[in-house]
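Reading through the structure tokens given below for one structure.
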Amino acid sequence: MRERWDAVERRFHIGPWSVWFLVLLMLFWVLLTIQMNGVLPPLSVLAVAARMAVVPGVSGILVWYISGKLKWPEVLSLQFVLLHVAMGGVFATAAAVWSIWPLMHGARGLDVPTVFRSVLPWQLATNFFLYGLVAGVSYAIRGSWGTRDQRLATERAERLRAQAELAALRAHINPHFLFNTLHSVTQLLRGEPERAEAALERLSDLFRYALRLDREGVESVSLDDEWRFSASYLWLEQMRMGDRLCVEASLSDDALLCALPPFTLQPLIENAVRHGLSAKVGRGTLVVRAHEAEGVLHLEVSDNGVGANPESLTTSPGIGVRAVRQRLQARYGTEAQLRISGAIGSGVAVSITMPAESAS
């Protein structure tokens, strides 16, 4: 609402109170024309209507500010109602006196009995109704603004929490990469220096990606970038696990062009390797799939590892999946969903659906 008023003011160079006075002028002009029924000429009716609009116009502004000071109570009280009834009476009386005065003292002034019989009751009722209308609209607008501000504050808090989780996630991942990779590189240096050099290159790619996100404050990356990062991680894990880790990937070209929050895919892959496949005896397979359909990006990471109890999957305190879920909710709300399924001995599957936004 505030943004719309600002747009109107910039376009037509008028403020909301100018619009308020114009609306009142037209309202009183129409009502007075009907009531006078040709007793006064149109220009005289317009002049009287302009005079009639002054007090309600000014009072309306006062009512707006009163509604800001006199907050709507959580539980409606008699004192609150009586206070507004009293203010409405003052508003209606002042506006009626101001409006009737020119009708009684003009060139064709109305007599006192006519004023008290026909004009005054109508003026009092109309102005009292107008007070209630302005007060009600004022409270409704302020309530809408308060709800909007509260929603924005909640969304901002969610974004800040998601950013904090992301920072913790980065701090959690990077030492893990460093420890495992350097340990493997140390073993490779004696017999396979070329593979050790390739491992260090992969490690530098990982840190380069993470440092770029930190330094530039990146909030969105392409799935292609995220997959390259994840593929480097998997290369290092395959170097450590050997033939025990098999990777199957199927990511469509349309999906690779979609945008998503950074560190969305990799933590899911890391969880599958560390908790599902590392503990598996024998060969294990990690499957990564992604496709875009009807404006929705579908991601899935599954494994045939040791699995887990279904109840523990949704309540796991692990920072990786929790951070991914919170950042998706902070950015997309209910438009994004993260689902986990699995069972002990049959692996785990994590699927994500989110709006398919194009990565710029």
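Each chain of the structure tokens is named A, B, ... in the order shown, its residues numbered from 1; ligands are numbered from 1 in display order.
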Contacts of stretch 332-344 of chain A at 10 Å or less, counting only C-alpha atoms, minus same-chain residues fewer than 3 places along, as a ChimeraX atom specification?
/A:155,276,296-314,321-322,324-329,347-355
List every residue of stretch 189-273 of chain A that DSSP, applied to the backbone of this structure, places in helix (DSSP H, G or I), and write the result as JSON, numbers by chain.
{"A": [189, 190, 191, 193, 194, 195, 196, 197, 198, 199, 200, 201, 202, 203, 204, 205, 206, 207, 208, 209, 210, 211, 212, 213, 214, 215, 216, 223, 224, 225, 226, 227, 228, 229, 230, 231, 232, 233, 234, 235, 236, 237, 238, 239, 240, 241, 242, 243, 244, 253, 254, 255, 256, 266, 267, 268, 269, 270, 271, 272, 273]}
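Of the listed residues (A:Leu234, A:Met241, A:Ile34, A:Ala255), A:Met241 comes nearest to A:Val281; the distances count only C-alpha atoms.
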Hey, what's within 12 Å of A:Leu188 if we count only C-alpha atoms and toss same-chain stuff fewer than 4 positions away? As a VMD selection string, please?
chain A and resid 181 to 184 192 to 200 239 to 240
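What separates atom CA of A:Glu294 from atom CA of A:Ala231 is a distance of 26.9 Å.
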Stretch 158-358 of chain A: residues DSSP assigns to strand (DSSP E or B), reported as number ranges by chain:
A: 221-222, 245-251, 258-260, 284-293, 296-303, 337-342, 348-355, 357-358
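Counting only C-alpha atoms and comparing A:Gly295, A:Pro261, A:Gly60, A:Pro121, the residue that lies closest to A:Ala135 is A:Gly60.
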Quick one: everything within 8 Å of A:Phe91, counting only C-alpha atoms, minus sequence neighbours fewer than 3 positions away in the same chain. Send it as a PyMOL selection string.
chain A and resi 56+59+87-88+94-95+127-128+131
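The space between atom CA of A:Ala140 and atom CA of A:Ser67 spans 10.0 Å.
Near A:Ala125, within 10 Å and counting only C-alpha atoms, sit Gly89, Ala92, Thr93, Ala96, Leu120, Pro121, Trp122, Phe128, Phe129, Leu130 and Tyr131 of chain A, not including residues fewer than 3 positions from it in the same chain.
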